[in-house]
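Worksheet: the structure to be examined is printed underneath.
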Amino acid sequence: TRKIMEKIKTKSDFHFLRKLWHAAPGISVVLILQMQLLPKDQLIKILSSIYLLATMTEMIRLSNDTFNSFLFKFAKFVMREEEKNRPSGLVWYLFSVTGSLYFLPTELAGLNILYLAIGDPFASIVGLSMKDHPYNKKFSNGKSLFGSIGLSLMILNITLLYGYALQLPILPLAYKGLAACLVGFLTEMIPFKLDDNLLIPLFTGIALYSVSFYF
């Protein structure tokens, strides 16, 4: 197990393949949704099944050292050392993507999933790239000021590009994007070490849904 873990990257590593792995499923779900390749309710059922399978696999992994070592060896290119003894981010990722589809209207669900799929890894890239900058303040939860700003700016860009691609009314969408942008920034400052795959879509989803009542 020790030899396997020595090859596993940590949260402080750049880990490009994990970021690609993080972005690809969410973008794929949004494309399937917007291109109407599958009905929304069928997509929810498929993702719910995958989520349950992933959850059961994680429960077995965390209770069986042999299986845990096997999975880490098999998926070391996307796993983190910190996930050796706790659930991986995949479980929360699937939970959030499925929840977004279930609770939000189609257009907002697509936005919220993209915030998670693209915004979160972008924030990490910015934070790690500028970790030694004197103005890059570190928060108590391990996040950084520049990473949080990167997340906010990416959320705003995703919103505008998404609206342009789907030819949505720009002003109502801009208000939603600004709300999600602000909430995304504040979420990064929460003084608890909870998984971003849950926190970001939870709070940006609430922001999108709340603002949609007014615009």
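Identifiers for the structure tokens are assigned positionally: chains receive A, B, ... in sequence, residues are indexed from 1 per chain, and ligands are indexed from 1 in the order shown.
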
Q: List every residue of chain A that DSSP, applied to the backbone of this structure, assigns to helix (DSSP H, G or I), and report them as a PyMOL selection string.
A: chain A and resi 2-6+16-34+40-63+65-74+81-83+89-103+106-129+145-166+170-187+196-211

Q: Within 9 Å of A:Asn197, counting only C-alpha atoms, which residues show up once you throw out same-chain ones fewer than 4 positions away? Write them as a count of residues only, please.
A: 13

Q: Using only C-alpha atoms, pick whichever of A:Gly99, A:Pro87, A:Gly184, A:Pro105 has the shortest atom-to-atom distance to A:Ile155.
A: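 Smallest separation from A:Ile155 among the options: A:Gly184.
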
Would you pick out the contacts of A:Leu17 at 12 Å or less, using only C-alpha atoms, so that residues sharing its chain but fewer than 5 positions from it are not included, and give the list as a PDB file with N, CA, C and O atoms, in the first residue's frame?
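Below is the file selection-v1.pdb, written as the result:
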ATOM      1  N   LYS A   9      -0.993  11.605  -6.103  1.00  0.00           N
ATOM      2  CA  LYS A   9      -0.827  13.039  -5.904  1.00  0.00           C
ATOM      3  C   LYS A   9      -1.703  13.516  -4.742  1.00  0.00           C
ATOM      4  O   LYS A   9      -2.689  12.874  -4.379  1.00  0.00           O
ATOM      5  N   HIS A  22     -12.421  15.749 -13.770  1.00  0.00           N
ATOM      6  CA  HIS A  22     -13.452  16.509 -13.062  1.00  0.00           C
ATOM      7  C   HIS A  22     -14.373  17.233 -14.049  1.00  0.00           C
ATOM      8  O   HIS A  22     -15.588  17.273 -13.852  1.00  0.00           O
ATOM      9  N   ALA A  23     -13.783  17.799 -15.086  1.00  0.00           N
ATOM     10  CA  ALA A  23     -14.556  18.624 -16.017  1.00  0.00           C
ATOM     11  C   ALA A  23     -15.370  17.796 -17.012  1.00  0.00           C
ATOM     12  O   ALA A  23     -16.521  18.141 -17.319  1.00  0.00           O
ATOM     13  N   ALA A  24     -14.796  16.715 -17.510  1.00  0.00           N
ATOM     14  CA  ALA A  24     -15.405  15.974 -18.619  1.00  0.00           C
ATOM     15  C   ALA A  24     -16.813  15.431 -18.335  1.00  0.00           C
ATOM     16  O   ALA A  24     -17.722  15.607 -19.163  1.00  0.00           O
ATOM     17  N   ALA A  75      -6.765   3.391 -10.289  1.00  0.00           N
ATOM     18  CA  ALA A  75      -7.210   4.755 -10.616  1.00  0.00           C
ATOM     19  C   ALA A  75      -6.295   5.815 -10.027  1.00  0.00           C
ATOM     20  O   ALA A  75      -6.727   6.917  -9.719  1.00  0.00           O
ATOM     21  N   LYS A  76      -4.994   5.499  -9.898  1.00  0.00           N
ATOM     22  CA  LYS A  76      -4.070   6.431  -9.259  1.00  0.00           C
ATOM     23  C   LYS A  76      -3.929   7.744 -10.026  1.00  0.00           C
ATOM     24  O   LYS A  76      -3.550   8.763  -9.457  1.00  0.00           O
ATOM     25  N   PHE A  77      -4.256   7.742 -11.306  1.00  0.00           N
ATOM     26  CA  PHE A  77      -4.113   8.963 -12.101  1.00  0.00           C
ATOM     27  C   PHE A  77      -5.159  10.020 -11.765  1.00  0.00           C
ATOM     28  O   PHE A  77      -5.007  11.189 -12.121  1.00  0.00           O
ATOM     29  N   VAL A  78      -6.247   9.633 -11.070  1.00  0.00           N
ATOM     30  CA  VAL A  78      -7.268  10.617 -10.693  1.00  0.00           C
ATOM     31  C   VAL A  78      -7.539  10.661  -9.186  1.00  0.00           C
ATOM     32  O   VAL A  78      -8.307  11.495  -8.725  1.00  0.00           O
ATOM     33  N   MET A  79      -6.913   9.785  -8.426  1.00  0.00           N
ATOM     34  CA  MET A  79      -7.145   9.753  -6.986  1.00  0.00           C
ATOM     35  C   MET A  79      -6.152  10.649  -6.248  1.00  0.00           C
ATOM     36  O   MET A  79      -5.095  10.983  -6.763  1.00  0.00           O
ATOM     37  N   ARG A  80      -6.555  11.044  -5.032  1.00  0.00           N
ATOM     38  CA  ARG A  80      -5.680  11.827  -4.164  1.00  0.00           C
ATOM     39  C   ARG A  80      -5.318  11.018  -2.929  1.00  0.00           C
ATOM     40  O   ARG A  80      -6.115  10.214  -2.454  1.00  0.00           O
ATOM     41  N   PRO A 121     -12.243  23.289 -10.850  1.00  0.00           N
ATOM     42  CA  PRO A 121     -10.841  23.031 -11.221  1.00  0.00           C
ATOM     43  C   PRO A 121     -10.088  24.292 -11.633  1.00  0.00           C
ATOM     44  O   PRO A 121      -8.885  24.407 -11.390  1.00  0.00           O
TER      45      PRO A 121
END

Q) How many Å separate atom CA of A:Pro191 from atom CA of A:Phe139? A) 7.6 Å
